[in-house]
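Visitor: Enclosed is the structure file my_file.cif (mmCIF, C-alpha atoms).
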data_start
#
loop_
_atom_site.label_atom_id
_atom_site.label_comp_id
_atom_site.auth_asym_id
_atom_site.auth_seq_id
_atom_site.Cartn_x
_atom_site.Cartn_y
_atom_site.Cartn_z
CA MET O 1 0.00 0.00 0.00
CA LYS O 2 2.85 2.31 0.88
CA LYS O 3 4.46 1.66 -2.51
CA ILE O 4 1.20 2.49 -4.29
CA ILE O 5 0.93 5.82 -2.46
CA ILE O 6 4.54 6.68 -3.35
CA MET O 7 3.93 5.85 -7.03
CA LEU O 8 0.78 7.98 -7.10
CA GLY O 9 2.76 10.84 -5.59
CA ILE O 10 5.44 10.54 -8.28
CA ILE O 11 2.80 10.50 -11.03
CA ALA O 12 1.09 13.56 -9.54
CA VAL O 13 4.39 15.45 -9.42
CA SER O 14 5.17 14.42 -13.00
CA VAL O 15 1.79 15.58 -14.28
CA SER O 16 2.15 18.84 -12.40
CA SER O 17 5.62 19.37 -13.88
CA CYS O 18 4.39 18.65 -17.40
CA SER O 19 1.50 21.04 -16.91
CA ASP O 20 3.85 23.80 -15.74
CA TYR O 21 6.11 23.19 -18.76
CA ILE O 22 3.25 23.32 -21.27
CA GLU O 23 1.93 26.56 -19.81
CA GLU O 24 5.33 28.22 -19.69
CA GLU O 25 5.11 31.85 -20.75
CA SER O 26 7.78 33.27 -23.04
CA ARG O 27 8.34 36.85 -21.98
CA SER O 28 10.74 37.50 -24.87
CA TYR O 29 8.02 36.98 -27.48
CA VAL O 30 5.70 39.91 -28.17
CA PRO O 31 2.92 39.33 -30.73
CA ALA O 32 2.97 41.70 -33.70
CA ASP O 33 -0.52 42.95 -32.91
CA ALA O 34 0.62 44.06 -29.47
CA THR O 35 3.67 45.79 -30.96
CA TYR O 36 1.63 47.75 -33.50
CA LYS O 37 -0.61 49.08 -30.74
CA THR O 38 2.32 51.10 -29.37
CA ALA O 39 3.56 54.35 -30.90
CA SER O 40 7.03 52.96 -31.65
CA GLY O 41 5.63 49.72 -33.04
CA PHE O 42 3.19 51.54 -35.28
CA GLN O 43 6.05 53.61 -36.70
CA LEU O 44 7.77 50.35 -37.66
CA LEU O 45 4.58 49.29 -39.43
CA VAL O 46 4.48 52.57 -41.35
CA ASN O 47 8.11 52.11 -42.38
CA THR O 48 7.41 48.69 -43.90
CA ASN O 49 5.16 50.31 -46.48
CA TYR O 50 8.14 52.09 -48.02
CA ALA O 51 10.04 48.80 -48.26
CA TRP O 52 7.41 47.32 -50.60
CA LEU O 53 8.38 49.91 -53.23
CA LYS O 54 11.56 47.94 -53.84
CA GLY O 55 9.53 45.05 -55.23
CA ILE O 56 7.76 47.41 -57.63
CA TYR O 57 10.72 49.39 -58.93
CA GLY O 58 13.68 47.07 -58.35
CA GLY O 59 12.91 44.14 -60.65
CA ASN O 60 12.30 43.69 -64.35
CA PRO O 61 11.45 46.95 -66.14
CA TRP O 62 9.31 45.50 -68.93
CA LEU O 63 5.95 46.88 -67.83
CA PHE O 64 7.48 50.36 -67.63
CA GLU O 65 8.93 50.43 -71.14
CA ALA O 66 8.38 47.33 -73.31
CA GLY O 67 6.19 47.86 -76.36
CA THR O 68 6.81 51.61 -76.55
CA ASP O 69 8.85 53.62 -79.04
CA MET O 70 10.95 55.12 -76.25
CA TYR O 71 13.26 52.11 -75.92
CA ALA O 72 14.86 49.64 -78.32
CA GLU O 73 15.44 45.99 -77.59
CA GLY O 74 19.04 45.43 -76.59
CA ARG O 75 21.28 42.42 -76.20
CA GLY O 76 18.67 40.47 -74.27
CA PRO O 77 15.23 39.92 -75.84
CA GLU O 78 12.20 41.56 -74.29
CA PRO O 79 9.11 39.45 -73.50
CA ALA O 80 7.34 39.02 -76.84
CA GLY O 81 3.87 39.48 -75.40
CA LEU O 82 4.67 42.86 -73.87
CA SER O 83 7.06 44.17 -76.53
CA GLN O 84 5.34 42.90 -79.69
CA TYR O 85 1.79 42.37 -78.37
CA THR O 86 1.81 38.83 -79.74
CA LEU O 87 -0.03 36.20 -77.72
CA LEU O 88 -0.46 38.70 -74.90
CA ILE O 89 -2.58 36.97 -72.25
CA PRO O 90 -2.68 37.22 -68.43
CA SER O 91 -0.24 34.33 -68.09
CA SER O 92 2.32 35.80 -70.52
CA ASP O 93 5.83 36.36 -69.21
CA ASN O 94 6.21 39.30 -66.83
CA VAL O 95 2.58 40.47 -67.10
CA ALA O 96 2.08 40.02 -63.35
CA ASP O 97 5.42 41.60 -62.39
CA LEU O 98 3.71 44.86 -61.46
CA TYR O 99 0.31 43.50 -60.43
CA ASN O 100 1.48 41.33 -57.55
CA PRO O 101 3.87 43.73 -55.76
CA CYS O 102 1.41 46.61 -56.08
CA TYR O 103 -1.24 44.63 -54.24
CA GLN O 104 1.32 43.59 -51.64
CA LEU O 105 1.92 47.27 -50.97
CA ILE O 106 -1.81 48.00 -50.95
CA GLN O 107 -2.44 45.28 -48.38
CA ALA O 108 0.43 46.57 -46.23
CA VAL O 109 -1.18 50.01 -46.25
CA ASN O 110 -4.58 48.51 -45.42
CA LYS O 111 -2.96 46.85 -42.42
CA THR O 112 -1.47 50.18 -41.37
CA ILE O 113 -4.83 51.93 -41.60
CA HIS O 114 -6.47 49.11 -39.64
CA PHE O 115 -4.02 49.43 -36.75
CA SER O 116 -4.17 53.23 -36.83
CA THR O 117 -7.63 52.98 -35.26
CA ILE O 118 -6.47 50.86 -32.32
CA THR O 119 -2.88 51.95 -31.78
CA GLU O 120 -1.69 54.54 -29.29
CA GLN O 121 -3.07 57.88 -30.46
CA THR O 122 -0.34 60.46 -31.10
CA SER O 123 -0.06 63.90 -32.66
CA ILE O 124 1.62 62.47 -35.78
CA LEU O 125 -0.82 59.62 -36.38
CA ASN O 126 -2.70 61.33 -39.24
CA ALA O 127 0.60 62.23 -40.89
CA GLN O 128 1.70 58.60 -40.70
CA VAL O 129 -1.56 57.41 -42.23
CA GLY O 130 -1.20 60.11 -44.88
CA GLU O 131 2.21 58.72 -45.85
CA ALA O 132 0.74 55.25 -46.18
CA ARG O 133 -2.24 56.41 -48.22
CA PHE O 134 0.10 58.24 -50.61
CA LEU O 135 1.91 54.96 -51.22
CA ARG O 136 -1.38 53.14 -51.77
CA ALA O 137 -2.40 55.80 -54.28
CA GLN O 138 0.91 55.31 -56.08
CA ALA O 139 0.26 51.57 -56.33
CA TYR O 140 -3.28 52.03 -57.64
CA PHE O 141 -2.04 54.64 -60.14
CA LEU O 142 0.48 52.19 -61.56
CA LEU O 143 -2.18 49.48 -61.72
CA VAL O 144 -4.85 51.55 -63.47
CA GLN O 145 -2.38 52.86 -66.06
CA THR O 146 -1.14 49.35 -66.80
CA TYR O 147 -4.20 47.12 -66.47
CA GLY O 148 -7.17 49.49 -66.64
CA GLY O 149 -9.87 48.77 -64.09
CA VAL O 150 -8.67 46.64 -61.18
CA PRO O 151 -10.19 45.57 -57.84
CA VAL O 152 -10.22 48.32 -55.24
CA VAL O 153 -9.36 46.50 -52.02
CA ASN O 154 -9.20 48.72 -48.95
CA ASP O 155 -9.92 46.19 -46.20
CA TYR O 156 -7.25 44.58 -44.05
CA ILE O 157 -7.42 40.91 -45.03
CA SER O 158 -6.16 38.34 -42.54
CA THR O 159 -7.66 35.21 -44.13
CA PRO O 160 -7.37 34.01 -47.76
CA ILE O 161 -9.82 35.42 -50.31
CA LEU O 162 -9.69 33.77 -53.72
CA SER O 163 -11.43 36.37 -55.90
CA PHE O 164 -12.31 40.06 -55.99
CA THR O 165 -14.72 42.18 -58.00
CA ARG O 166 -13.04 44.30 -60.64
CA ASN O 167 -13.75 48.02 -60.38
CA SER O 168 -13.86 50.37 -63.33
CA ALA O 169 -10.89 52.59 -64.14
CA GLU O 170 -13.00 55.61 -63.20
CA GLU O 171 -13.60 54.15 -59.74
CA VAL O 172 -9.89 53.46 -59.31
CA TYR O 173 -9.07 57.10 -60.11
CA THR O 174 -11.65 58.22 -57.55
CA GLN O 175 -9.92 56.01 -54.98
CA ILE O 176 -6.50 57.42 -55.87
CA ILE O 177 -7.61 61.04 -55.56
CA GLY O 178 -9.32 60.32 -52.23
CA ASP O 179 -6.11 58.87 -50.82
CA LEU O 180 -4.04 61.78 -52.11
CA ASP O 181 -6.44 64.42 -50.80
CA PHE O 182 -6.11 62.89 -47.33
CA ALA O 183 -2.33 62.71 -47.67
CA LEU O 184 -2.04 66.33 -48.80
CA ALA O 185 -4.01 67.52 -45.79
CA ASN O 186 -1.95 65.57 -43.27
CA VAL O 187 1.66 64.87 -44.30
CA GLY O 188 4.51 67.18 -43.36
CA THR O 189 6.63 69.57 -45.38
CA ALA O 190 10.14 68.44 -44.41
CA ALA O 191 12.45 67.92 -47.39
CA TYR O 192 12.60 64.33 -48.59
CA SER O 193 16.40 64.43 -48.67
CA SER O 194 16.51 64.96 -44.91
CA ALA O 195 13.34 63.30 -43.59
CA GLY O 196 13.04 60.40 -46.04
CA LYS O 197 9.25 60.59 -45.80
CA VAL O 198 6.38 61.50 -48.09
CA ASN O 199 5.80 65.24 -47.94
CA LYS O 200 3.31 67.70 -49.42
CA ARG O 201 5.55 68.33 -52.41
CA ALA O 202 5.49 64.65 -53.35
CA VAL O 203 1.71 64.54 -52.96
CA ASN O 204 1.25 67.63 -55.16
CA ASP O 205 3.51 66.06 -57.77
CA LEU O 206 1.52 62.81 -57.87
CA LEU O 207 -1.81 64.63 -57.89
CA ALA O 208 -0.64 66.59 -60.94
CA LYS O 209 0.20 63.35 -62.75
CA VAL O 210 -3.09 61.71 -61.76
CA TYR O 211 -5.27 64.60 -62.97
CA LEU O 212 -3.22 64.98 -66.15
CA THR O 213 -3.60 61.27 -66.93
CA ARG O 214 -7.31 61.11 -66.08
CA GLY O 215 -7.94 64.16 -68.25
CA TYR O 216 -7.27 62.08 -71.38
CA GLU O 217 -9.73 59.35 -70.37
CA THR O 218 -13.31 59.30 -71.65
CA PHE O 219 -14.49 59.79 -68.07
CA GLY O 220 -12.10 62.67 -67.42
CA LYS O 221 -13.48 65.83 -65.82
CA ALA O 222 -13.59 69.23 -67.50
CA ASP O 223 -11.20 70.74 -64.95
CA ASP O 224 -8.68 67.88 -64.79
CA PHE O 225 -6.02 69.71 -66.80
CA THR O 226 -6.50 72.91 -64.82
CA LYS O 227 -6.08 71.01 -61.56
CA ALA O 228 -3.04 69.20 -62.96
CA ALA O 229 -1.37 72.52 -63.72
CA SER O 230 -2.22 73.90 -60.29
CA TYR O 231 -0.81 70.90 -58.42
CA ALA O 232 2.28 70.91 -60.65
CA ASP O 233 2.91 74.57 -59.81
CA ALA O 234 2.58 73.73 -56.11
CA ALA O 235 5.12 70.91 -56.47
CA ILE O 236 7.59 73.06 -58.41
CA ALA O 237 7.13 75.98 -56.01
CA GLY O 238 9.21 78.29 -58.18
CA GLN O 239 12.32 76.09 -58.03
CA THR O 240 14.66 76.29 -61.01
CA LEU O 241 16.63 73.36 -62.43
CA ALA O 242 20.23 74.07 -61.54
CA ILE O 243 21.90 70.65 -61.32
CA ALA O 244 23.80 69.46 -64.40
CA PHE O 245 22.14 66.45 -66.02
CA ASP O 246 25.25 64.29 -65.71
CA GLN O 247 25.20 64.91 -61.97
CA LEU O 248 21.47 64.49 -61.44
CA PHE O 249 21.48 60.68 -61.33
CA LYS O 250 25.08 60.14 -60.33
CA PRO O 251 25.53 57.49 -57.62
CA GLY O 252 25.74 59.17 -54.26
CA ASN O 253 23.83 62.20 -55.49
CA ASP O 254 20.39 60.61 -55.54
CA LEU O 255 19.02 62.78 -52.72
CA ASN O 256 19.77 66.09 -54.39
CA ALA O 257 17.68 69.26 -54.24
CA GLU O 258 15.69 68.27 -57.33
CA THR O 259 14.61 64.89 -55.95
CA ILE O 260 10.92 64.96 -55.08
CA PHE O 261 10.56 61.31 -54.08
CA SER O 262 12.70 58.24 -54.68
CA VAL O 263 13.04 54.62 -53.63
CA GLN O 264 16.10 54.15 -51.45
CA TYR O 265 18.39 51.11 -51.42
CA ASP O 266 20.89 51.35 -48.60
CA LYS O 267 23.56 48.71 -48.18
CA ALA O 268 22.25 47.43 -44.85
CA SER O 269 18.79 46.65 -46.24
CA THR O 270 20.12 44.58 -49.13
CA SER O 271 23.18 42.94 -47.59
CA THR O 272 21.45 39.66 -46.71
CA ASP O 273 20.61 38.90 -50.36
CA PRO O 274 21.91 41.65 -52.67
CA THR O 275 21.06 39.83 -55.92
CA LYS O 276 17.36 39.80 -55.01
CA LEU O 277 16.94 42.74 -52.63
CA GLY O 278 18.92 45.28 -54.65
CA ASN O 279 17.83 47.35 -57.65
CA ASN O 280 18.79 45.66 -60.92
CA GLN O 281 16.82 47.83 -63.34
CA PHE O 282 19.76 50.09 -64.14
CA TYR O 283 21.69 47.52 -66.12
CA TYR O 284 18.93 47.27 -68.71
CA PHE O 285 19.57 50.86 -69.75
CA SER O 286 23.37 51.20 -69.77
CA SER O 287 25.80 50.79 -72.66
CA TYR O 288 26.85 47.23 -73.42
CA LEU O 289 30.61 47.15 -72.92
CA GLY O 290 31.23 43.63 -74.10
CA GLY O 291 31.11 40.23 -72.51
CA ALA O 292 32.61 36.82 -73.11
CA GLU O 293 33.27 37.53 -76.80
CA THR O 294 35.72 40.28 -75.83
CA GLY O 295 37.48 38.17 -73.25
CA ALA O 296 35.72 39.92 -70.39
CA PRO O 297 33.35 38.10 -68.05
CA LEU O 298 29.66 38.75 -68.63
CA ARG O 299 28.44 40.14 -65.35
CA SER O 300 25.71 42.31 -63.92
CA TYR O 301 25.64 44.05 -60.60
CA ASN O 302 22.95 44.99 -58.13
CA LEU O 303 23.26 48.19 -56.13
#
I need this file expressed as C-alpha cells, please.
Guide:
Amino acid sequence: MKKIIIMLGIIAVSVSSCSDYIEEESRSYVPADATYKTASGFQLLVNTNYAWLKGIYGGNPWLFEAGTDMYAEGRGPEPAGLSQYTLLIPSSDNVADLYNPCYQLIQAVNKTIHFSTITEQTSILNAQVGEARFLRAQAYFLLVQTYGGVPVVNDYISTPILSFTRNSAEEVYTQIIGDLDFALANVGTAAYSSAGKVNKRAVNDLLAKVYLTRGYETFGKADDFTKAASYADAAIAGQTLAIAFDQLFKPGNDLNAETIFSVQYDKASTSTDPTKLGNNQFYYFSSYLGGAETGAPLRSYNL
C-alpha cells in the first residue's frame, strides 16, 4: 500500500511538472498585434510600407517600357507578349510583375490603416496614415495605367480570399484622388532628402500626374487639366533646375535638391541577399561594354 501511495505521488508530481512546462510563458516573445498598438511599433509598421516599393521598382522593367517607341530591344530579348503584343494573355511572361507587388503594398497600407484605429493615439498619427495612403495611391495609379480597371481593395485581409470584383478605371481614379487628398491635408513639409518621408511636395507632384492622366480618359473631368497645372505649380514651387544632367542621377547624389521622391536602397537593407533585394533595373539601360566575346566576363551588378 505504501508503494502504491509513493507511485501515485510521483505521477502527480510528473503531471504537475508537465502542466507547468506546457503553460510556460515566453516573456521575450511579443505578438505583432501588441507591438503595432504602441507608438514605436506603429512607426515600424508605417516604415514597412516604403520597403514594398523595392519590389515594384527594383525588378524587371518591362511593364514600364516594353512595347513603346521610347526604348529599343538590346542584347537580351524583351518578353514578346509585352514588346510585340503577340499572344499577350494574363499568363504571358512578366505580365504580373507589377500587379502582384502593387497589391502587396496595398495590403500593407490597409494593415497600417487598420491598426491606426487601435494603436496609441499620437499627434503624428494622421501624418503617418497620410504617408501610407500616398503609397497606396501610387500603387493604384500604376495598376490603373497598366491594367485598366482593377479591384479596389481597402480592407485589411487576414484570411485568404480567392477572388475580388473588378472596379472600373474611373472608380480606381476616384480612390486614388481620395487617398491623395487625405495625404495632402496631413503629411509634413520636411524635405525628402533629410526626412526620407512622403511630404506635401510629393503629394502635389503625384496629384498633378493623376489629374493629367485622367484628363485624357473618356471619363475625365472638365477641370482635370487645370487642376493638374495647379498641383504641378505647387510641387515646383518656383524652383529652377540648376543641377547638371550628368550629376542628377550620379551614384551618391540621388538625394539632391531636385529629388521629389525616390526609392532608397541602402547597403544594410540589401546585404542579406543583394542579388534579389537590390535594384537591378539600371543595367537594362546602360551601354553594353562587351562580354565573353571580348574576353571579359559577362556580369551584372545589383546596387
Visitor: Applied to this file, what does the PyMOL selection byres ((chain O and resi 40) around 12) return in terms of residues, put as a PDB file with C-alpha atoms, in the coordinates of the input?
Guide:
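Generated file (part.pdb):
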ATOM      1  CA  ALA O  34       0.620  44.060 -29.470  1.00  0.00           C
ATOM      2  CA  THR O  35       3.670  45.790 -30.960  1.00  0.00           C
ATOM      3  CA  TYR O  36       1.630  47.750 -33.500  1.00  0.00           C
ATOM      4  CA  LYS O  37      -0.610  49.080 -30.740  1.00  0.00           C
ATOM      5  CA  THR O  38       2.320  51.100 -29.370  1.00  0.00           C
ATOM      6  CA  ALA O  39       3.560  54.350 -30.900  1.00  0.00           C
ATOM      7  CA  GLY O  41       5.630  49.720 -33.040  1.00  0.00           C
ATOM      8  CA  PHE O  42       3.190  51.540 -35.280  1.00  0.00           C
ATOM      9  CA  GLN O  43       6.050  53.610 -36.700  1.00  0.00           C
ATOM     10  CA  LEU O  44       7.770  50.350 -37.660  1.00  0.00           C
ATOM     11  CA  LEU O  45       4.580  49.290 -39.430  1.00  0.00           C
ATOM     12  CA  VAL O  46       4.480  52.570 -41.350  1.00  0.00           C
ATOM     13  CA  ASN O  47       8.110  52.110 -42.380  1.00  0.00           C
ATOM     14  CA  THR O 119      -2.880  51.950 -31.780  1.00  0.00           C
ATOM     15  CA  GLU O 120      -1.690  54.540 -29.290  1.00  0.00           C
ATOM     16  CA  GLN O 121      -3.070  57.880 -30.460  1.00  0.00           C
ATOM     17  CA  THR O 122      -0.340  60.460 -31.100  1.00  0.00           C
ATOM     18  CA  ILE O 124       1.620  62.470 -35.780  1.00  0.00           C
ATOM     19  CA  LEU O 125      -0.820  59.620 -36.380  1.00  0.00           C
ATOM     20  CA  GLN O 128       1.700  58.600 -40.700  1.00  0.00           C
TER      21      GLN O 128
END
Visitor: Quick one: residues within 9 Å of Tyr173 (chain O), all atoms listed in the file counted, chain neighbours fewer than 4 positions away excluded, as a PyMOL selection string?
Guide: chain O and resi 137+140-141+144+168-169+177-178+210-211+214
Visitor: Please report the interatomic distance between CA of Asn204 (chain O) and CA of Asp233 (chain O) in Å with one decimal.
Guide: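 One can read the CA of Asn204 (chain O) to CA of Asp233 (chain O) distance as 8.5 Å.
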Visitor: For the provided coordinates, the residues matched by the PyMOL selection byres ((chain O and resi 143) around 12) should be stated as a tab-separated table (two decimals) with C-alpha atoms, in the frame of the given file.
Guide:
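Written file, selection-v7.tsv:
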chain	number	residue	atom	x	y	z
O	56	ILE	CA	7.76	47.41	-57.63
O	63	LEU	CA	5.95	46.88	-67.83
O	64	PHE	CA	7.48	50.36	-67.63
O	95	VAL	CA	2.58	40.47	-67.10
O	96	ALA	CA	2.08	40.02	-63.35
O	97	ASP	CA	5.42	41.60	-62.39
O	98	LEU	CA	3.71	44.86	-61.46
O	99	TYR	CA	0.31	43.50	-60.43
O	100	ASN	CA	1.48	41.33	-57.55
O	101	PRO	CA	3.87	43.73	-55.76
O	102	CYS	CA	1.41	46.61	-56.08
O	103	TYR	CA	-1.24	44.63	-54.24
O	105	LEU	CA	1.92	47.27	-50.97
O	106	ILE	CA	-1.81	48.00	-50.95
O	136	ARG	CA	-1.38	53.14	-51.77
O	137	ALA	CA	-2.40	55.80	-54.28
O	138	GLN	CA	0.91	55.31	-56.08
O	139	ALA	CA	0.26	51.57	-56.33
O	140	TYR	CA	-3.28	52.03	-57.64
O	141	PHE	CA	-2.04	54.64	-60.14
O	142	LEU	CA	0.48	52.19	-61.56
O	144	VAL	CA	-4.85	51.55	-63.47
O	145	GLN	CA	-2.38	52.86	-66.06
O	146	THR	CA	-1.14	49.35	-66.80
O	147	TYR	CA	-4.20	47.12	-66.47
O	148	GLY	CA	-7.17	49.49	-66.64
O	149	GLY	CA	-9.87	48.77	-64.09
O	150	VAL	CA	-8.67	46.64	-61.18
O	151	PRO	CA	-10.19	45.57	-57.84
O	152	VAL	CA	-10.22	48.32	-55.24
O	167	ASN	CA	-13.75	48.02	-60.38
O	168	SER	CA	-13.86	50.37	-63.33
O	169	ALA	CA	-10.89	52.59	-64.14
O	172	VAL	CA	-9.89	53.46	-59.31
O	173	TYR	CA	-9.07	57.10	-60.11
O	176	ILE	CA	-6.50	57.42	-55.87
Visitor: Which residues would end up in the selection if the PyMOL selection byres ((chain O and resi 134) around 8) were applied here, given that I need the answer as a PyMOL selection string?
Guide: chain O and resi 130-133+135-138+179-180+183+198+203
Visitor: Pick from O:Thr165, O:Gln239, O:Thr68, O:Thr112: nearest to Arg201 (chain O), with only C-alpha atoms counted?
Guide: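 Between O:Thr165, O:Gln239, O:Thr68, O:Thr112, the residue approaching Arg201 (chain O) most closely is O:Gln239.
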Visitor: Restricting the calculation to all atoms listed in the file: of O:His114, O:Leu82, O:Ala51, O:Ser193, which residue gets closest to Leu255 (chain O)?
Guide: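 Under the stated criterion, the closest residue is O:Ser193.
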Visitor: As an exercise, work out the distance from CA of Leu53 (chain O) to CA of Asn279 (chain O) in Å and give it to one decimal place.
Guide: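 Rounded to one decimal, the two atoms are 10.7 Å apart.
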Visitor: Could you tell me how far CA of Phe182 (chain O) sits from CA of Gly238 (chain O), in Å to one decimal place?
Guide: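 If I compute the distance from CA of Gly238 (chain O) to CA of Phe182 (chain O), I get 24.3 Å.
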Visitor: Can you pull out every residue within 9 Å of Ala228 (chain O), counting only C-alpha atoms, but drop anything in the same chain fewer than 3 positions away, and send it as a list in words?
Guide: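 Using only C-alpha atoms, the neighbours found are Asp205, Leu207, Ala208, Lys209, Val210, Tyr211, Leu212, Thr213, Gly215, Asp223, Asp224, Phe225, Tyr231, Ala232 and Asp233 of chain O.
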Visitor: Let me know the centre plus edge lengths, in Å and rounded to one decimal, of a box with edges along x, y and z that contains all listed atoms of region 158-171 of chain O and is padded by 5 Å on every side, as JSON.
Guide:
{"center_x": -10.4, "center_y": 44.7, "center_z": -53.3, "size_x": 18.6, "size_y": 31.8, "size_z": 31.6}
Visitor: With distances taken over all atoms listed in the file, which residue among O:Phe115, O:Trp62, O:Tyr192, O:Phe164 lies nearest Ser262 (chain O)?
Guide: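 The closest residue to Ser262 (chain O) is O:Tyr192.
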